[in-house]
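Worksheet: the structure to be examined is printed underneath.
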Amino acid sequence: MRVLFLGDVVGRSGRTAVRILLPGLIERHGFDFVVVNAENSAGGFGITEEIFQSLIDCGADCITTGNHVWDQREALVFADRHERFLRPINYPVGTPGRGSNLYIARNGARVLVINVMGSLFMTALEDPFAAVTREVSACVLGHGCDAVIVDMHAEASSEKQTMGQYLDGKASIVVGTHTHVPTADQRILRNGTAFMTDIGMCGDYDSIIGMEKDEPIRRATTKIPQARLAPALGPATLSGLAVEIDDDTGLARKVAAVRIGPHLEPSEPDFGAKP
Ligand SMILES: [Fe+2]
Ligand SMILES: [Fe+2]
């Protein structure tokens with residue numbers, strides 16, 4: 001099966017690119033399952049139910065989030081209504097919504113998706129490794145499910161790599177999100193897990209991590225906030241990771257960075273005909 005994972009969608013610019021480009025990407029490469037991190041899709045801060053639904057309507061099978069998940073308060077209500085909406089699993093017990101779920105992909109495969117938040121330089125939640133261990137033990141790759149996809153939403157590259165290496169052979173895909181800058185290390189780890197330290201953002205890269213440049217520069221130079229941070233509005237570049245998973249083992253066979261848009265060196269998978 002083939003999976004596409006798109007990094008943090010930032011604002012209207014990011015949403016527009018996803019709406020225009022995602023259906024064609026699915027068509028061209030035959031993706032069986034699509035995950036999109038959309039924690040910044042509503043004006044750079046959080047996600048609304050309407051935006052959630054629009055991303056599902058253009059081909060996403062699961063929406064993951066991160067530290068910005070509750071920036072739009074309505075998420076506290078709709079999180080419980082939508083199975084395809086995930087928030088980090090390591091929030092305290094009783095938090096609305098869910099942090100993992102099992103889905104049926106277009107090819108019939110059972111796909112476990114886990115959204116977890118790192119512990120370094122972020123709000124302290126339950127230990128991400130304990131939370132993920134619980135999930136992958138309860139639904140073992142090759143037994144309870146045919147693929148395991150983990151969104152490690154974290155600041156530190158070291159912690160994201162630790163999660164990738166920890167889950168090597170137990171997950172099909174581990175990707176980092178949150179920093180909004182794609183790393184150049186997409187690869188298959190020794191025991192078969194596809195990994196990329198950060199898959200970047202879907203947003204306007206003529207910006208500072210997706211936000212309009214002037215105010216962050218003013219704040220950096222004057223130390224005085226003078227305006228709200230707002231997403232940059234230029235055309236977005238789509239960024240993410242494509243993976244071909246072996247249907248028998250649930251482990252990765254091919255990986256490729258996906259980058260489409262005006263800012264980054266273009267990259268699209270060349271997986272050939274579907275097996
Ligand atoms: Fe983000
Ligand atoms: Fe984040």
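Ordering of the structure tokens sets the chain letters (A, B, ...); residue numbers start at 1 within each chain; ligands are numbered from 1 in the order shown.
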
When you look at Asp32 of chain A with a cut-off of 8 Å (counting only C-alpha atoms), what residues show up, excluding the ones that are within fewer than 6 positions of it in the same chain? I need them as a PyMOL selection string. chain A and resi 1-3+26+105-107

Could you write out that same residue set with all heavy atoms as a PDB file, in the first residue's frame?
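Produced file again_5.pdb, reproduced below:
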ATOM      1  N   MET A   1       0.837  -1.189   0.000  1.00  0.00           N
ATOM      2  CA  MET A   1       0.000   0.000   0.000  1.00  0.00           C
ATOM      3  C   MET A   1       0.875   1.243   0.000  1.00  0.00           C
ATOM      4  O   MET A   1       2.049   1.190   0.338  1.00  0.00           O
ATOM      5  CB  MET A   1      -0.931   0.009   1.225  1.00  0.00           C
ATOM      6  CG  MET A   1      -0.223   0.248   2.544  1.00  0.00           C
ATOM      7  SD  MET A   1      -1.347   0.270   3.977  1.00  0.00           S
ATOM      8  CE  MET A   1      -2.301   1.736   3.695  1.00  0.00           C
ATOM      9  N   ARG A   2       0.253   2.337  -0.403  1.00  0.00           N
ATOM     10  CA  ARG A   2       0.993   3.598  -0.454  1.00  0.00           C
ATOM     11  C   ARG A   2       0.346   4.635   0.450  1.00  0.00           C
ATOM     12  O   ARG A   2      -0.873   4.798   0.438  1.00  0.00           O
ATOM     13  CB  ARG A   2       1.047   4.114  -1.888  1.00  0.00           C
ATOM     14  CG  ARG A   2       1.974   3.256  -2.737  1.00  0.00           C
ATOM     15  CD  ARG A   2       2.085   3.754  -4.145  1.00  0.00           C
ATOM     16  NE  ARG A   2       2.962   2.876  -4.905  1.00  0.00           N
ATOM     17  CZ  ARG A   2       3.176   2.981  -6.208  1.00  0.00           C
ATOM     18  NH1 ARG A   2       2.566   3.937  -6.900  1.00  0.00           N
ATOM     19  NH2 ARG A   2       3.999   2.153  -6.818  1.00  0.00           N
ATOM     20  N   VAL A   3       1.214   5.321   1.208  1.00  0.00           N
ATOM     21  CA  VAL A   3       0.744   6.299   2.187  1.00  0.00           C
ATOM     22  C   VAL A   3       1.392   7.652   1.904  1.00  0.00           C
ATOM     23  O   VAL A   3       2.577   7.723   1.569  1.00  0.00           O
ATOM     24  CB  VAL A   3       1.110   5.847   3.624  1.00  0.00           C
ATOM     25  CG1 VAL A   3       0.758   6.926   4.642  1.00  0.00           C
ATOM     26  CG2 VAL A   3       0.408   4.532   3.964  1.00  0.00           C
ATOM     27  N   ILE A  26      -3.014  11.988  -5.096  1.00  0.00           N
ATOM     28  CA  ILE A  26      -3.598  10.674  -4.786  1.00  0.00           C
ATOM     29  C   ILE A  26      -3.808   9.890  -6.083  1.00  0.00           C
ATOM     30  O   ILE A  26      -3.472   8.703  -6.181  1.00  0.00           O
ATOM     31  CB  ILE A  26      -4.929  10.847  -4.017  1.00  0.00           C
ATOM     32  CG1 ILE A  26      -4.667  11.475  -2.648  1.00  0.00           C
ATOM     33  CG2 ILE A  26      -5.659   9.515  -3.877  1.00  0.00           C
ATOM     34  CD1 ILE A  26      -5.914  11.884  -1.883  1.00  0.00           C
ATOM     35  N   ALA A 105      -8.000   1.501   5.166  1.00  0.00           N
ATOM     36  CA  ALA A 105      -7.494   2.243   4.003  1.00  0.00           C
ATOM     37  C   ALA A 105      -8.274   1.857   2.747  1.00  0.00           C
ATOM     38  O   ALA A 105      -9.057   0.904   2.759  1.00  0.00           O
ATOM     39  CB  ALA A 105      -6.008   1.950   3.812  1.00  0.00           C
ATOM     40  N   ARG A 106      -8.027   2.606   1.654  1.00  0.00           N
ATOM     41  CA  ARG A 106      -8.735   2.327   0.389  1.00  0.00           C
ATOM     42  C   ARG A 106      -8.489   0.915  -0.131  1.00  0.00           C
ATOM     43  O   ARG A 106      -9.294   0.354  -0.850  1.00  0.00           O
ATOM     44  CB  ARG A 106      -8.299   3.342  -0.684  1.00  0.00           C
ATOM     45  CG  ARG A 106      -8.826   4.738  -0.433  1.00  0.00           C
ATOM     46  CD  ARG A 106      -8.470   5.688  -1.574  1.00  0.00           C
ATOM     47  NE  ARG A 106      -7.517   6.726  -1.165  1.00  0.00           N
ATOM     48  CZ  ARG A 106      -7.796   7.722  -0.329  1.00  0.00           C
ATOM     49  NH1 ARG A 106      -8.977   7.838   0.195  1.00  0.00           N
ATOM     50  NH2 ARG A 106      -6.877   8.612  -0.014  1.00  0.00           N
ATOM     51  N   ASN A 107      -7.340   0.327   0.223  1.00  0.00           N
ATOM     52  CA  ASN A 107      -7.037  -1.034  -0.231  1.00  0.00           C
ATOM     53  C   ASN A 107      -7.516  -2.092   0.765  1.00  0.00           C
ATOM     54  O   ASN A 107      -7.209  -3.270   0.616  1.00  0.00           O
ATOM     55  CB  ASN A 107      -5.522  -1.189  -0.441  1.00  0.00           C
ATOM     56  CG  ASN A 107      -4.750  -1.071   0.867  1.00  0.00           C
ATOM     57  OD1 ASN A 107      -5.224  -0.479   1.819  1.00  0.00           O
ATOM     58  ND2 ASN A 107      -3.567  -1.658   0.907  1.00  0.00           N
TER      59      ASN A 107
END

Residues within 12 Å of ligand 2 (only C-alpha atoms and all ligand atoms), as a CSV table (one decimal) with N, CA and C atoms, in the first residue's frame?
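Done, and the output landed in pocket.csv:
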chain,number,residue,atom,x,y,z
A,7,GLY,N,2.9,17.5,6.0
A,7,GLY,CA,3.2,18.3,7.3
A,7,GLY,C,2.3,19.4,7.5
A,8,ASP,N,2.4,20.0,8.7
A,8,ASP,CA,1.6,21.1,9.2
A,8,ASP,C,1.0,22.0,8.2
A,9,VAL,N,-0.3,22.0,8.0
A,9,VAL,CA,-0.9,22.9,7.1
A,9,VAL,C,-1.1,24.3,7.8
A,10,VAL,N,-0.5,25.3,7.2
A,10,VAL,CA,-0.5,26.7,7.8
A,10,VAL,C,-1.5,27.6,7.0
A,37,ASN,N,-1.3,16.7,8.9
A,37,ASN,CA,-1.2,17.4,10.2
A,37,ASN,C,-1.8,18.8,9.9
A,38,ALA,N,-2.8,19.2,10.7
A,38,ALA,CA,-3.5,20.4,10.4
A,38,ALA,C,-3.6,21.3,11.6
A,39,GLU,N,-2.6,21.3,12.5
A,39,GLU,CA,-2.7,22.0,13.8
A,39,GLU,C,-2.7,23.5,13.6
A,40,ASN,N,-2.2,24.0,12.4
A,40,ASN,CA,-2.1,25.4,12.1
A,40,ASN,C,-3.0,25.9,11.0
A,41,SER,N,-4.0,25.1,10.7
A,41,SER,CA,-4.7,25.3,9.5
A,41,SER,C,-5.7,26.5,9.6
A,44,GLY,N,-3.3,29.9,11.2
A,44,GLY,CA,-2.0,29.6,11.9
A,44,GLY,C,-2.2,29.0,13.2
A,45,PHE,N,-3.4,29.1,13.8
A,45,PHE,CA,-3.6,28.6,15.2
A,45,PHE,C,-4.8,27.7,15.3
A,46,GLY,N,-4.6,26.4,15.4
A,46,GLY,CA,-5.6,25.4,15.6
A,46,GLY,C,-6.4,25.1,14.3
A,64,THR,N,-4.1,14.8,11.9
A,64,THR,CA,-3.4,14.9,13.2
A,64,THR,C,-3.1,16.3,13.6
A,65,THR,N,-2.7,16.5,14.8
A,65,THR,CA,-2.5,17.9,15.3
A,65,THR,C,-1.3,17.9,16.2
A,66,GLY,N,-1.3,18.8,17.2
A,66,GLY,CA,-0.1,19.0,18.1
A,66,GLY,C,-0.4,20.0,19.2
A,67,ASN,N,0.6,20.8,19.5
A,67,ASN,CA,0.4,21.7,20.6
A,67,ASN,C,-0.6,22.8,20.4
A,68,HIS,N,-0.9,23.0,19.1
A,68,HIS,CA,-1.9,24.1,18.8
A,68,HIS,C,-3.4,23.5,18.7
A,69,VAL,N,-3.5,22.3,19.0
A,69,VAL,CA,-4.8,21.6,18.7
A,69,VAL,C,-6.0,22.4,19.3
A,70,TRP,N,-5.9,23.0,20.5
A,70,TRP,CA,-7.1,23.6,21.1
A,70,TRP,C,-7.1,25.2,20.9
A,71,ASP,N,-6.3,25.7,20.0
A,71,ASP,CA,-6.3,27.1,19.8
A,71,ASP,C,-7.6,27.7,19.4
A,87,ARG,N,-5.8,14.1,18.3
A,87,ARG,CA,-4.9,15.1,19.1
A,87,ARG,C,-3.9,14.2,19.8
A,88,PRO,N,-2.8,14.8,20.2
A,88,PRO,CA,-1.7,14.0,20.9
A,88,PRO,C,-2.3,13.1,21.9
A,115,ASN,N,-0.9,9.8,17.2
A,115,ASN,CA,-0.4,11.2,17.2
A,115,ASN,C,0.1,11.4,18.7
A,116,VAL,N,1.4,11.8,18.8
A,116,VAL,CA,2.0,11.9,20.1
A,116,VAL,C,2.8,13.2,20.2
A,117,MET,N,2.9,13.8,21.3
A,117,MET,CA,3.7,15.0,21.4
A,117,MET,C,5.0,14.8,22.2
A,118,GLY,N,6.1,15.4,21.7
A,118,GLY,CA,7.4,15.2,22.4
A,118,GLY,C,7.4,15.9,23.8
A,121,PHE,N,11.2,20.8,25.4
A,121,PHE,CA,10.9,22.2,25.1
A,121,PHE,C,9.4,22.3,24.6
A,122,MET,N,8.5,21.5,25.2
A,122,MET,CA,7.1,21.6,24.9
A,122,MET,C,6.3,21.5,26.3
A,123,THR,N,5.0,21.7,26.2
A,123,THR,CA,4.2,21.5,27.4
A,123,THR,C,4.4,20.1,27.9
A,151,ASP,N,2.8,10.1,14.1
A,151,ASP,CA,3.1,11.5,14.0
A,151,ASP,C,3.7,11.9,15.4
A,152,MET,N,5.1,12.1,15.4
A,152,MET,CA,5.8,12.5,16.6
A,152,MET,C,5.9,14.1,16.5
A,153,HIS,N,5.0,14.7,17.2
A,153,HIS,CA,5.0,16.2,17.1
A,153,HIS,C,5.9,16.8,18.1
A,154,ALA,N,7.1,17.2,17.7
A,154,ALA,CA,8.1,17.5,18.7
A,154,ALA,C,9.1,18.6,18.2
A,155,GLU,N,9.7,19.2,19.1
A,155,GLU,CA,10.6,20.3,18.8
A,155,GLU,C,12.0,19.8,18.5
A,156,ALA,N,12.5,18.8,19.3
A,156,ALA,CA,13.9,18.4,19.2
A,156,ALA,C,14.1,17.3,18.2
A,176,GLY,N,8.4,13.2,12.0
A,176,GLY,CA,8.3,14.3,12.9
A,176,GLY,C,7.5,15.4,12.2
A,177,THR,N,6.7,16.2,13.1
A,177,THR,CA,6.1,17.4,12.6
A,177,THR,C,6.4,18.5,13.7
A,178,HIS,N,5.9,19.7,13.4
A,178,HIS,CA,5.9,20.8,14.4
A,178,HIS,C,7.0,21.9,14.0
A,179,THR,N,8.1,21.5,13.5
A,179,THR,CA,9.1,22.6,13.3
A,179,THR,C,8.9,23.3,11.9
A,180,HIS,N,8.1,22.8,11.1
A,180,HIS,CA,7.7,23.4,9.8
A,180,HIS,C,8.8,23.5,8.8
A,181,VAL,N,9.9,22.8,9.0
A,181,VAL,CA,11.0,22.8,8.1
A,181,VAL,C,11.4,21.4,7.7
A,198,ASP,N,11.7,15.6,10.2
A,198,ASP,CA,10.5,16.5,10.1
A,198,ASP,C,10.1,16.6,8.7
A,200,GLY,N,8.2,18.9,7.4
A,200,GLY,CA,8.0,20.3,6.9
A,200,GLY,C,6.5,20.7,7.0
A,201,MET,N,6.3,21.9,6.4
A,201,MET,CA,4.9,22.4,6.4
A,201,MET,C,4.3,22.5,5.0
A,209,ILE,N,8.5,30.3,9.5
A,209,ILE,CA,7.7,29.1,9.7
A,209,ILE,C,6.2,29.3,9.4
A,210,GLY,N,6.0,29.9,8.3
A,210,GLY,CA,4.6,30.0,7.8
A,210,GLY,C,3.9,31.4,8.2

So that I can check the surroundings of Gly169 of chain A, please list as a list in words every protein, DNA and RNA residue that reaches within 8 Å of it, counting only C-alpha atoms and ignoring chain neighbours fewer than 3 positions away.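 Contacts, with the query itself left out: Ser172, Asn191, Gly192, Thr193 and Leu251 of chain A.
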
Extract the full set of helix (DSSP H, G or I) residues from segment 19-104 of chain A according to DSSP on the backbone, and format it as a list of chain:residue names.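 Here are the helix (DSSP H, G or I) residues of segment 19-104 of chain A: A:Arg19, A:Ile20, A:Leu21, A:Leu22, A:Pro23, A:Gly24, A:Leu25, A:Ile26, A:Glu27, A:Arg28, A:His29, A:Glu49, A:Glu50, A:Ile51, A:Phe52, A:Gln53, A:Ser54, A:Leu55, A:Ile56, A:Asp57, A:Ala75, A:Leu76, A:Val77, A:Phe78.
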
Serialized selection, N, CA and C atoms, as a PDB file, in the first residue's frame:
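Result file is selection-v4.pdb:
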ATOM      1  N   ARG A  19      -5.962  21.680  -1.091  1.00  0.00           N
ATOM      2  CA  ARG A  19      -7.202  21.472  -1.851  1.00  0.00           C
ATOM      3  C   ARG A  19      -6.907  21.315  -3.343  1.00  0.00           C
ATOM      4  N   ILE A  20      -5.974  22.099  -3.845  1.00  0.00           N
ATOM      5  CA  ILE A  20      -5.689  22.056  -5.279  1.00  0.00           C
ATOM      6  C   ILE A  20      -4.835  20.830  -5.650  1.00  0.00           C
ATOM      7  N   LEU A  21      -3.855  20.492  -4.794  1.00  0.00           N
ATOM      8  CA  LEU A  21      -2.852  19.492  -5.189  1.00  0.00           C
ATOM      9  C   LEU A  21      -3.135  18.072  -4.703  1.00  0.00           C
ATOM     10  N   LEU A  22      -3.808  17.933  -3.559  1.00  0.00           N
ATOM     11  CA  LEU A  22      -3.930  16.586  -2.972  1.00  0.00           C
ATOM     12  C   LEU A  22      -4.696  15.592  -3.860  1.00  0.00           C
ATOM     13  N   PRO A  23      -5.845  15.979  -4.433  1.00  0.00           N
ATOM     14  CA  PRO A  23      -6.561  14.979  -5.248  1.00  0.00           C
ATOM     15  C   PRO A  23      -5.706  14.445  -6.402  1.00  0.00           C
ATOM     16  N   GLY A  24      -4.948  15.317  -7.057  1.00  0.00           N
ATOM     17  CA  GLY A  24      -4.088  14.888  -8.162  1.00  0.00           C
ATOM     18  C   GLY A  24      -2.957  13.987  -7.695  1.00  0.00           C
ATOM     19  N   LEU A  25      -2.397  14.302  -6.526  1.00  0.00           N
ATOM     20  CA  LEU A  25      -1.319  13.473  -5.965  1.00  0.00           C
ATOM     21  C   LEU A  25      -1.826  12.060  -5.686  1.00  0.00           C
ATOM     22  N   ILE A  26      -3.014  11.988  -5.096  1.00  0.00           N
ATOM     23  CA  ILE A  26      -3.598  10.674  -4.786  1.00  0.00           C
ATOM     24  C   ILE A  26      -3.808   9.890  -6.083  1.00  0.00           C
ATOM     25  N   GLU A  27      -4.321  10.577  -7.077  1.00  0.00           N
ATOM     26  CA  GLU A  27      -4.590   9.964  -8.379  1.00  0.00           C
ATOM     27  C   GLU A  27      -3.299   9.478  -9.059  1.00  0.00           C
ATOM     28  N   ARG A  28      -2.287  10.347  -9.082  1.00  0.00           N
ATOM     29  CA  ARG A  28      -1.030  10.017  -9.787  1.00  0.00           C
ATOM     30  C   ARG A  28      -0.281   8.855  -9.143  1.00  0.00           C
ATOM     31  N   HIS A  29      -0.288   8.805  -7.822  1.00  0.00           N
ATOM     32  CA  HIS A  29       0.560   7.826  -7.140  1.00  0.00           C
ATOM     33  C   HIS A  29      -0.226   6.696  -6.480  1.00  0.00           C
ATOM     34  N   GLU A  49     -13.943  22.956  12.757  1.00  0.00           N
ATOM     35  CA  GLU A  49     -14.625  21.772  12.249  1.00  0.00           C
ATOM     36  C   GLU A  49     -14.808  21.872  10.731  1.00  0.00           C
ATOM     37  N   GLU A  50     -15.099  23.075  10.261  1.00  0.00           N
ATOM     38  CA  GLU A  50     -15.297  23.279   8.822  1.00  0.00           C
ATOM     39  C   GLU A  50     -14.006  22.974   8.042  1.00  0.00           C
ATOM     40  N   ILE A  51     -12.879  23.421   8.573  1.00  0.00           N
ATOM     41  CA  ILE A  51     -11.602  23.148   7.906  1.00  0.00           C
ATOM     42  C   ILE A  51     -11.279  21.658   7.970  1.00  0.00           C
ATOM     43  N   PHE A  52     -11.528  21.063   9.133  1.00  0.00           N
ATOM     44  CA  PHE A  52     -11.330  19.612   9.265  1.00  0.00           C
ATOM     45  C   PHE A  52     -12.090  18.890   8.153  1.00  0.00           C
ATOM     46  N   GLN A  53     -13.372  19.240   8.009  1.00  0.00           N
ATOM     47  CA  GLN A  53     -14.205  18.548   7.027  1.00  0.00           C
ATOM     48  C   GLN A  53     -13.710  18.803   5.606  1.00  0.00           C
ATOM     49  N   SER A  54     -13.239  20.018   5.331  1.00  0.00           N
ATOM     50  CA  SER A  54     -12.779  20.330   3.973  1.00  0.00           C
ATOM     51  C   SER A  54     -11.523  19.525   3.631  1.00  0.00           C
ATOM     52  N   LEU A  55     -10.664  19.283   4.616  1.00  0.00           N
ATOM     53  CA  LEU A  55      -9.462  18.476   4.358  1.00  0.00           C
ATOM     54  C   LEU A  55      -9.839  17.013   4.117  1.00  0.00           C
ATOM     55  N   ILE A  56     -10.809  16.521   4.870  1.00  0.00           N
ATOM     56  CA  ILE A  56     -11.302  15.158   4.651  1.00  0.00           C
ATOM     57  C   ILE A  56     -11.908  15.060   3.251  1.00  0.00           C
ATOM     58  N   ASP A  57     -12.680  16.091   2.874  1.00  0.00           N
ATOM     59  CA  ASP A  57     -13.368  16.068   1.579  1.00  0.00           C
ATOM     60  C   ASP A  57     -12.399  16.064   0.399  1.00  0.00           C
ATOM     61  N   ALA A  75     -12.628  23.049  18.844  1.00  0.00           N
ATOM     62  CA  ALA A  75     -12.018  21.719  18.718  1.00  0.00           C
ATOM     63  C   ALA A  75     -12.306  20.867  19.950  1.00  0.00           C
ATOM     64  N   LEU A  76     -12.460  21.523  21.112  1.00  0.00           N
ATOM     65  CA  LEU A  76     -12.768  20.782  22.340  1.00  0.00           C
ATOM     66  C   LEU A  76     -14.108  20.069  22.228  1.00  0.00           C
ATOM     67  N   VAL A  77     -14.977  20.576  21.361  1.00  0.00           N
ATOM     68  CA  VAL A  77     -16.299  19.969  21.186  1.00  0.00           C
ATOM     69  C   VAL A  77     -16.291  18.962  20.028  1.00  0.00           C
ATOM     70  N   PHE A  78     -15.766  19.380  18.863  1.00  0.00           N
ATOM     71  CA  PHE A  78     -15.886  18.472  17.714  1.00  0.00           C
ATOM     72  C   PHE A  78     -14.889  17.311  17.772  1.00  0.00           C
TER      73      PHE A  78
END

List every residue of segment 148-185 of chain A that has an atom at most 9 Å from any atom of segment 240-248 of chain A, giving for each one its closest atom pair and the distance in Å to one decimal, counting only C-alpha atoms, sorted by chain and then by ascending residue number, as a Markdown table.
| residue | atom | partner | partner_atom | distance |
| --- | --- | --- | --- | --- |
| A:Ser172 | CA | A:Ile245 | CA | 7.0 |
| A:Ile173 | CA | A:Val243 | CA | 7.8 |
| A:Val175 | CA | A:Leu241 | CA | 8.2 |
| A:Pro182 | CA | A:Gly240 | CA | 7.8 |

Please provide the set of residues having any atom within 7 Å of segment 184-190 of chain A, restricted to only C-alpha atoms, with same-chain residues fewer than 6 positions apart removed, written as a list in words.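 Contacts, with the query itself left out: Asp168, Met196, Thr197, Ala252, Val255, Ala256 and Ala257 of chain A.
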
Restrict the selected residues to N, CA, C and O atoms and save them as a compact mmCIF listing (two decimals), in the first residue's frame.
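Wrote out-v4.txt, looks like this:
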# COMPACT_ATOMS: atom_id res chain seq x y z
N ASP A 168 11.56 1.31 15.37
CA ASP A 168 12.04 0.66 14.15
C ASP A 168 11.66 -0.83 14.15
O ASP A 168 12.04 -1.58 15.06
N MET A 196 11.42 10.19 8.82
CA MET A 196 11.91 11.51 8.42
C MET A 196 11.81 12.40 9.65
O MET A 196 10.74 12.48 10.27
N THR A 197 12.92 13.05 10.01
CA THR A 197 12.95 13.81 11.27
C THR A 197 11.86 14.87 11.31
O THR A 197 11.17 15.03 12.31
N ALA A 252 8.31 -0.65 5.51
CA ALA A 252 8.48 0.24 4.35
C ALA A 252 9.37 -0.39 3.28
O ALA A 252 10.33 -1.08 3.58
N VAL A 255 10.67 5.10 0.11
CA VAL A 255 10.28 6.40 0.67
C VAL A 255 10.70 7.50 -0.28
O VAL A 255 11.69 7.36 -1.00
N ALA A 256 9.95 8.58 -0.26
CA ALA A 256 10.32 9.75 -1.06
C ALA A 256 9.74 11.00 -0.42
O ALA A 256 8.60 10.99 0.05
N ALA A 257 10.54 12.05 -0.41
CA ALA A 257 10.02 13.33 0.05
C ALA A 257 9.05 13.85 -0.99
O ALA A 257 9.21 13.59 -2.19

Neighbours of Arg259 of chain A within 6 Å (only C-alpha atoms; same-chain residues fewer than 3 positions away dropped), as number ranges by chain? A: 238-239, 266-267
